[in-house]
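**Student:** Hey, dropping data26.tsv in here, TSV, C-alpha atoms:
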```
chain	number	residue	atom	x	y	z
A	1	MET	CA	-1.93	-25.28	18.50
A	2	VAL	CA	-0.92	-23.96	15.05
A	3	GLU	CA	-1.62	-20.25	14.57
A	4	THR	CA	-3.68	-19.53	11.46
A	5	LYS	CA	-2.26	-16.73	9.36
A	6	THR	CA	-4.68	-13.95	8.45
A	7	GLY	CA	-4.76	-11.36	5.70
A	8	LYS	CA	-5.76	-13.49	2.71
A	9	ILE	CA	-7.49	-11.50	-0.03
A	10	THR	CA	-9.62	-12.89	-2.83
A	11	VAL	CA	-10.90	-10.65	-5.62
A	12	SER	CA	-13.39	-12.19	-8.04
A	13	ASN	CA	-14.70	-10.64	-11.28
A	14	VAL	CA	-14.69	-7.10	-9.91
A	15	ARG	CA	-16.07	-4.30	-12.07
A	16	LYS	CA	-16.26	-0.63	-11.09
A	17	THR	CA	-17.70	2.27	-13.10
A	18	PHE	CA	-17.93	6.00	-12.39
A	19	THR	CA	-20.32	8.58	-13.79
A	20	GLN	CA	-18.73	11.76	-15.13
A	21	PRO	CA	-20.41	15.19	-14.75
A	22	ASP	CA	-21.69	14.94	-18.34
A	23	GLY	CA	-23.39	11.64	-17.48
A	24	GLN	CA	-20.94	9.46	-19.38
A	25	GLN	CA	-20.06	6.13	-17.74
A	26	VAL	CA	-16.36	5.40	-17.31
A	27	VAL	CA	-15.28	1.82	-16.61
A	28	ALA	CA	-12.34	1.96	-14.20
A	29	LEU	CA	-11.96	-1.77	-13.50
A	30	ASP	CA	-13.36	-4.67	-15.49
A	31	GLN	CA	-13.27	-8.35	-14.51
A	32	VAL	CA	-10.37	-8.02	-12.08
A	33	ASN	CA	-9.36	-11.25	-10.35
A	34	ALA	CA	-6.63	-11.72	-7.76
A	35	HIS	CA	-5.54	-14.00	-4.94
A	36	ILE	CA	-3.17	-12.62	-2.31
A	37	GLU	CA	-1.78	-14.86	0.42
A	38	PRO	CA	-1.28	-13.82	4.07
A	39	GLY	CA	1.96	-11.90	4.57
A	40	GLU	CA	2.54	-11.25	0.87
A	41	PHE	CA	3.78	-7.88	-0.38
A	42	ILE	CA	2.07	-6.97	-3.65
A	43	CYS	CA	2.82	-3.90	-5.78
A	44	LEU	CA	0.39	-2.57	-8.38
A	45	ILE	CA	1.93	-0.79	-11.35
A	46	GLY	CA	0.49	0.41	-14.63
A	47	PRO	CA	-0.43	3.51	-16.64
A	48	SER	CA	-1.47	6.65	-14.80
A	49	GLY	CA	-5.22	6.73	-14.33
A	50	CYS	CA	-5.65	3.02	-15.09
A	51	GLY	CA	-7.47	2.22	-11.85
A	52	LYS	CA	-4.74	1.22	-9.38
A	53	SER	CA	-5.96	3.60	-6.68
A	54	THR	CA	-9.56	2.60	-7.39
A	55	PHE	CA	-8.57	-1.02	-6.73
A	56	LEU	CA	-6.95	0.04	-3.45
A	57	ARG	CA	-10.04	2.04	-2.40
A	58	LEU	CA	-12.22	-1.01	-3.08
A	59	LEU	CA	-10.00	-3.11	-0.82
A	60	ALA	CA	-10.19	-0.38	1.83
A	61	GLY	CA	-13.98	-0.45	1.63
A	62	LEU	CA	-14.18	3.25	0.76
A	63	ILE	CA	-16.16	2.40	-2.38
A	64	SER	CA	-18.10	-0.69	-3.46
A	65	PRO	CA	-17.83	-2.71	-6.68
A	66	ASP	CA	-20.65	-2.69	-9.23
A	67	GLU	CA	-20.07	-6.39	-9.84
A	68	GLY	CA	-17.99	-9.14	-8.26
A	69	GLU	CA	-16.75	-9.51	-4.71
A	70	LEU	CA	-13.74	-8.81	-2.52
A	71	LEU	CA	-13.05	-11.09	0.45
A	72	LEU	CA	-10.70	-10.78	3.41
A	73	ASP	CA	-10.13	-14.15	5.06
A	74	GLY	CA	-13.33	-15.40	3.43
A	75	SER	CA	-15.55	-12.52	4.62
A	76	PRO	CA	-16.89	-9.83	2.24
A	77	ILE	CA	-15.23	-6.42	2.44
A	78	VAL	CA	-18.07	-4.04	3.24
A	79	GLY	CA	-17.14	-0.53	4.30
A	80	ALA	CA	-13.98	0.65	6.01
A	81	GLY	CA	-12.56	-1.40	8.87
A	82	TYR	CA	-9.59	-1.30	11.24
A	83	GLU	CA	-8.39	-4.67	9.95
A	84	ARG	CA	-7.33	-2.76	6.83
A	85	GLY	CA	-4.87	0.09	7.40
A	86	LEU	CA	-4.51	2.78	4.74
A	87	VAL	CA	-1.52	5.06	4.11
A	88	PHE	CA	-1.65	7.78	1.45
A	89	GLN	CA	1.04	9.74	-0.39
A	90	ASP	CA	0.14	12.70	1.82
A	91	PRO	CA	0.60	11.66	5.47
A	92	THR	CA	-2.82	13.27	6.32
A	93	LEU	CA	-1.84	13.84	9.95
A	94	PHE	CA	-4.07	16.06	12.08
A	95	PRO	CA	-2.03	19.30	12.31
A	96	TRP	CA	-3.38	20.21	15.75
A	97	LEU	CA	-2.30	16.88	17.30
A	98	THR	CA	1.18	15.78	18.32
A	99	VAL	CA	2.84	12.65	16.92
A	100	TYR	CA	1.73	10.72	20.00
A	101	GLU	CA	-1.85	11.99	19.71
A	102	ASN	CA	-1.99	11.23	15.97
A	103	VAL	CA	-0.83	7.65	16.51
A	104	ALA	CA	-3.22	7.17	19.43
A	105	PHE	CA	-6.19	8.68	17.57
A	106	GLY	CA	-7.56	5.42	16.16
A	107	LEU	CA	-7.38	3.69	19.53
A	108	LYS	CA	-9.34	6.52	21.12
A	109	VAL	CA	-12.01	6.41	18.41
A	110	ARG	CA	-12.37	2.66	19.01
A	111	ASN	CA	-12.47	3.18	22.78
A	112	THR	CA	-9.51	0.83	23.21
A	113	TYR	CA	-6.95	3.44	24.27
A	114	LYS	CA	-7.02	2.65	28.01
A	115	GLU	CA	-6.07	-1.00	27.54
A	116	LYS	CA	-3.71	-0.41	24.61
A	117	LYS	CA	-2.05	2.92	25.40
A	118	ASP	CA	1.25	1.16	26.13
A	119	GLU	CA	1.39	0.22	22.45
A	120	VAL	CA	1.48	3.84	21.26
A	121	PRO	CA	5.14	4.48	22.25
A	122	GLU	CA	5.96	0.96	21.03
A	123	PHE	CA	4.81	1.78	17.51
A	124	ILE	CA	6.35	5.25	17.57
A	125	ASN	CA	9.65	3.57	18.41
A	126	LEU	CA	9.03	0.91	15.74
A	127	VAL	CA	8.98	3.55	12.98
A	128	GLY	CA	12.01	5.39	14.39
A	129	LEU	CA	10.29	8.43	15.92
A	130	LYS	CA	11.24	7.96	19.56
A	131	GLY	CA	11.93	11.40	21.00
A	132	PHE	CA	9.43	13.12	18.70
A	133	GLU	CA	6.26	12.15	20.56
A	134	LYS	CA	5.45	15.78	21.42
A	135	ALA	CA	6.26	17.19	17.98
A	136	TYR	CA	3.53	18.58	15.73
A	137	PRO	CA	3.29	17.68	12.02
A	138	HIS	CA	4.67	21.06	10.88
A	139	GLN	CA	7.81	20.32	12.89
A	140	LEU	CA	8.49	17.06	11.02
A	141	SER	CA	10.25	16.36	7.74
A	142	GLY	CA	8.29	14.61	4.99
A	143	GLY	CA	9.84	11.25	5.84
A	144	MET	CA	9.15	11.66	9.54
A	145	ALA	CA	5.52	12.60	8.89
A	146	GLN	CA	5.11	9.50	6.72
A	147	ARG	CA	6.61	7.38	9.51
A	148	ALA	CA	4.00	8.81	11.88
A	149	ALA	CA	1.23	7.97	9.40
A	150	LEU	CA	2.58	4.42	9.14
A	151	ALA	CA	2.61	4.05	12.94
A	152	ARG	CA	-0.98	5.35	13.10
A	153	ALA	CA	-2.06	2.64	10.64
A	154	LEU	CA	-0.08	-0.15	12.31
A	155	VAL	CA	-1.15	0.55	15.90
A	156	ASN	CA	-4.57	-0.92	15.05
A	157	HIS	CA	-2.90	-4.25	14.17
A	158	PRO	CA	-4.37	-4.43	10.65
A	159	LYS	CA	-4.40	-7.72	8.79
A	160	VAL	CA	-3.73	-5.81	5.58
A	161	LEU	CA	-1.80	-2.60	4.97
A	162	LEU	CA	-2.86	-0.62	1.89
A	163	LEU	CA	-0.38	1.94	0.59
A	164	ASP	CA	-1.15	4.49	-2.14
A	165	GLU	CA	2.22	5.79	-3.38
A	166	PRO	CA	3.31	6.48	0.22
A	167	PHE	CA	6.85	7.50	-0.72
A	168	GLY	CA	6.07	9.40	-3.92
A	169	ALA	CA	6.68	12.85	-2.41
A	170	LEU	CA	9.96	11.96	-0.68
A	171	ASP	CA	13.50	12.61	-1.89
A	172	ALA	CA	15.41	9.61	-3.25
A	173	PHE	CA	17.56	9.02	-0.14
A	174	THR	CA	14.62	9.23	2.29
A	175	ARG	CA	12.55	7.06	-0.02
A	176	MET	CA	15.10	4.24	-0.01
A	177	ASN	CA	15.40	4.40	3.78
A	178	MET	CA	11.61	4.23	4.13
A	179	GLN	CA	11.46	1.24	1.79
A	180	ASP	CA	13.95	-0.63	3.99
A	181	GLU	CA	12.04	0.32	7.16
A	182	LEU	CA	8.73	-0.79	5.66
A	183	ILE	CA	10.09	-4.21	4.66
A	184	LYS	CA	11.59	-4.74	8.11
A	185	ILE	CA	8.36	-3.79	9.91
A	186	LEU	CA	6.10	-5.90	7.72
A	187	GLN	CA	8.36	-8.93	7.93
A	188	GLN	CA	8.41	-8.66	11.71
A	189	ARG	CA	4.62	-8.46	11.89
A	190	GLY	CA	3.66	-10.77	9.00
A	191	THR	CA	1.24	-8.17	7.64
A	192	THR	CA	-0.14	-8.46	4.11
A	193	ALA	CA	0.68	-5.34	2.08
A	194	ILE	CA	-0.66	-3.98	-1.20
A	195	MET	CA	1.02	-0.90	-2.59
A	196	VAL	CA	0.37	1.34	-5.59
A	197	THR	CA	3.52	2.73	-7.18
A	198	HIS	CA	4.69	4.18	-10.50
A	199	ASP	CA	8.30	3.35	-9.65
A	200	VAL	CA	9.34	0.06	-11.27
A	201	ASP	CA	12.49	-0.22	-9.17
A	202	GLU	CA	10.47	0.30	-6.00
A	203	ALA	CA	8.06	-2.45	-7.02
A	204	ILE	CA	10.90	-4.90	-7.63
A	205	TYR	CA	12.70	-3.95	-4.43
A	206	LEU	CA	9.65	-4.38	-2.19
A	207	SER	CA	7.39	-7.00	-3.74
A	208	ASP	CA	6.90	-10.71	-3.54
A	209	ARG	CA	4.72	-10.33	-6.64
A	210	ILE	CA	3.96	-7.45	-9.00
A	211	PHE	CA	0.56	-6.98	-10.63
A	212	VAL	CA	0.91	-5.12	-13.93
A	213	MET	CA	-2.38	-3.47	-14.88
A	214	THR	CA	-3.65	-2.49	-18.31
A	215	PRO	CA	-4.91	0.97	-19.32
A	216	ARG	CA	-8.51	1.71	-18.34
A	217	PRO	CA	-10.67	-0.29	-18.06
A	218	ALA	CA	-8.04	-2.02	-15.98
A	219	LYS	CA	-7.39	-5.71	-15.76
A	220	ILE	CA	-4.35	-7.44	-14.32
A	221	GLU	CA	-2.33	-8.04	-17.47
A	222	SER	CA	0.62	-9.86	-15.90
A	223	ILE	CA	1.58	-11.22	-12.50
A	224	ILE	CA	5.33	-11.30	-11.97
A	225	ARG	CA	6.91	-13.18	-9.09
A	226	VAL	CA	10.06	-11.50	-7.77
A	227	GLU	CA	12.40	-14.39	-7.13
A	228	ILE	CA	15.26	-12.35	-5.77
A	229	GLY	CA	16.48	-12.87	-2.21
A	230	ARG	CA	16.48	-10.18	0.46
A	231	PRO	CA	18.14	-7.81	1.03
A	232	ARG	CA	18.01	-6.84	-2.63
A	233	ASP	CA	20.67	-5.01	-4.58
A	234	ARG	CA	19.29	-2.71	-7.26
A	235	ASP	CA	22.39	-3.29	-9.41
A	236	LEU	CA	22.22	-7.08	-9.53
A	237	PRO	CA	21.79	-8.62	-13.03
A	238	ASP	CA	18.55	-10.37	-11.97
A	239	PHE	CA	17.13	-7.05	-10.75
A	240	LEU	CA	18.01	-5.31	-14.02
A	241	LYS	CA	16.59	-8.15	-16.13
A	242	LEU	CA	13.31	-8.01	-14.23
A	243	ARG	CA	13.14	-4.24	-14.65
A	244	ALA	CA	13.62	-4.62	-18.41
A	245	ARG	CA	10.90	-7.27	-18.54
A	246	ILE	CA	8.38	-5.09	-16.69
A	247	LEU	CA	9.16	-2.04	-18.80
A	248	GLN	CA	8.62	-4.16	-21.90
A	249	ILE	CA	5.17	-5.17	-20.63
A	250	LEU	CA	4.31	-1.55	-19.80
A	251	ASN	CA	5.50	-0.37	-23.20
A	252	PHE	CA	3.30	-3.00	-24.85
A	253	ALA	CA	0.32	-1.63	-22.92
A	254	GLY	CA	1.39	1.86	-23.97
A	255	LYS	CA	0.62	1.07	-27.61
A	256	ARG	CA	-3.05	1.27	-26.65
A	257	GLU	CA	-2.74	4.42	-24.52
A	258	ASP	CA	0.04	6.75	-23.39
A	259	ILE	CA	1.52	5.67	-20.06
A	260	GLN	CA	3.64	7.36	-17.41
A	261	TYR	CA	6.06	5.71	-15.07
A	262	TYR	CA	9.28	6.56	-13.30
A	263	LEU	CA	12.52	4.60	-13.35
```
Do you think you could lay out the structure here as structure tokens?
**Tutor:**
Amino acid sequence: MVETKTGKITVSNVRKTFTQPDGQQVVALDQVNAHIEPGEFICLIGPSGCGKSTFLRLLAGLISPDEGELLLDGSPIVGAGYERGLVFQDPTLFPWLTVYENVAFGLKVRNTYKEKKDEVPEFINLVGLKGFEKAYPHQLSGGMAQRAALARALVNHPKVLLLDEPFGALDAFTRMNMQDELIKILQQRGTTAIMVTHDVDEAIYLSDRIFVMTPRPAKIESIIRVEIGRPRDRDLPDFLKLRARILQILNFAGKREDIQYYL
């Protein structure tokens, strides 16, 4: 029997508006369309405030579109669900719980801890935190805390992992190590991943495809396939050419509105 891969996302004609305190309507996303295959790693880049995080929150089910639809494996995304794991820039660990307790939290909420408790140390080991099970968040470095947050999301076996600038607060060396760990974990598990980043190099290093978004109201302006083998060398000519191409697209968008990004 052939195993069917899961984690396919279809986004059709999605529009999302917000109402400001003065009553003015702001269009965050307008007619966004996307197809993401199971196991793909997608990075979203674009101007600050263009709607990348809004797109991620729609996929997480934290907010609903005003128009259009979002499907996961053919079923509408309605509300939050454990088949979609979410990791933020801030690890958002519970400070009164240990690493073990933080990772196990979702299983306990779902009442599946008894039958799945053996998986908690497995995922702690997967993210390289073996030996720190009894540590509290304040005893961890930034990179270690983010590893714990990643294990907490993965222990629920999500079909899709949603990442909102998860390495943005880390130093450069830790960030590169976390990028390598993330790729290794997702390749092992075949999990679909969608990540918001302002770092062009990070997007090229991690992605199968990069969605470049316009200033608000955001659309997907360009979809760039990263046809560079893994592991990737940031100094390779193909890597540098792709970086130049993406920066050119972002600079074109910047003629309509100031943009911010990091090299």
**Student:** Select, from A:Leu86, A:Ile249, A:Leu154, A:Leu240, the residue with the minimum atom-to-atom distance to A:Leu56, counting all atoms listed in the file.
**Tutor:**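 Ranked by minimum distance to A:Leu56, first place goes to A:Leu86.
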**Student:** I'd like the interatomic distance between atom CA of A:Ala218 and atom CA of A:Pro91, to a tenth of an Å.
**Tutor:**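 Computing the Euclidean distance for atom CA of A:Ala218 and atom CA of A:Pro91 yields 26.9 Å.
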**Student:** Using atom CA of A:Gly128 and atom CA of A:Met144 as the two end points, give the distance in Å to one decimal.
**Tutor:** 8.4 Å
**Student:** Counting all atoms listed in the file, which residues sit no farther than 12 Å from the position (-14.8, -14.7, 2.1) in the file's frame? I'd like them as a list of chain:residue names.
**Tutor:**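 Here is the list of nearby residues: A:Thr6, A:Gly7, A:Lys8, A:Ile9, A:Thr10, A:Val11, A:Ser12, A:His35, A:Glu69, A:Leu70, A:Leu71, A:Leu72, A:Asp73, A:Gly74, A:Ser75, A:Pro76, A:Ile77, A:Val78.
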**Student:** What gap, in Å, lies between atom CA of A:Val27 and atom CA of A:Glu221?
**Tutor:**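 Those two atoms sit 16.3 Å apart.
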**Student:** Tell me which of A:Met176, A:Val200, A:Leu107, A:Ile194 sits closest to A:Leu242, counting only C-alpha atoms.
**Tutor:** A:Val200
**Student:** Residues at most 12 Å from stretch 112-117 of chain A, counting all atoms listed in the file, excluding those fewer than 4 positions away in the same chain, as number ranges by chain?
**Tutor:** A: 100-101, 103-108, 121-124, 155-157
**Student:** For the selection just defined, write its residues with C-alpha atoms to a file, as a PDB file, keeping the file's coordinate frame.
**Tutor:**
```pdb
ATOM      1  CA  TYR A 100       1.730  10.720  20.000  1.00  0.00           C
ATOM      2  CA  GLU A 101      -1.850  11.990  19.710  1.00  0.00           C
ATOM      3  CA  VAL A 103      -0.830   7.650  16.510  1.00  0.00           C
ATOM      4  CA  ALA A 104      -3.220   7.170  19.430  1.00  0.00           C
ATOM      5  CA  PHE A 105      -6.190   8.680  17.570  1.00  0.00           C
ATOM      6  CA  GLY A 106      -7.560   5.420  16.160  1.00  0.00           C
ATOM      7  CA  LEU A 107      -7.380   3.690  19.530  1.00  0.00           C
ATOM      8  CA  LYS A 108      -9.340   6.520  21.120  1.00  0.00           C
ATOM      9  CA  PRO A 121       5.140   4.480  22.250  1.00  0.00           C
ATOM     10  CA  GLU A 122       5.960   0.960  21.030  1.00  0.00           C
ATOM     11  CA  PHE A 123       4.810   1.780  17.510  1.00  0.00           C
ATOM     12  CA  ILE A 124       6.350   5.250  17.570  1.00  0.00           C
ATOM     13  CA  VAL A 155      -1.150   0.550  15.900  1.00  0.00           C
ATOM     14  CA  ASN A 156      -4.570  -0.920  15.050  1.00  0.00           C
ATOM     15  CA  HIS A 157      -2.900  -4.250  14.170  1.00  0.00           C
TER      16      HIS A 157
END
```
**Student:** Which is closer to A:Ala60 than all the others in A:Gly131, A:Asp164, A:Gly143, A:Ala34, using all atoms listed in the file?
**Tutor:**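 Closest candidate: A:Asp164.
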**Student:** Extract, using only C-alpha atoms, all DNA, RNA and protein residues at most 10 Å from A:Glu67, discarding same-chain residues fewer than 2 positions from it, and format them as a ChimeraX atom specification.
**Tutor:** /A:12-17,30-31,64-65,69-70
**Student:** Looking at all atoms listed in the file, which of A:Ile204, A:Leu59, A:Leu97, A:Leu247 is the one that sits closest to A:Glu227?
**Tutor:** A:Ile204
**Student:** Would you be able to write out as an MDAnalysis selection string which residues have an atom within 12 Å of (-11.6, 2.1, 2.7) in the file's coordinates, counting all atoms listed in the file?
**Tutor:** chainID A and resid 53:64 77:88 160:164
**Student:** Go through A:Asp66, A:Lys134, A:Thr197, A:Thr191 one by one, measure the shortest atom-to-atom distance of each to A:Met213 using only C-alpha atoms, and give the residue with the smallest value.
**Tutor:**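 Of the candidates, the smallest distance to A:Met213 is held by A:Thr197.
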**Student:** Ranking A:Leu250, A:Val127, A:Ile228, A:Ala135 by minimum distance to A:Gly46 and counting all atoms listed in the file, which one comes first?
**Tutor:** A:Leu250
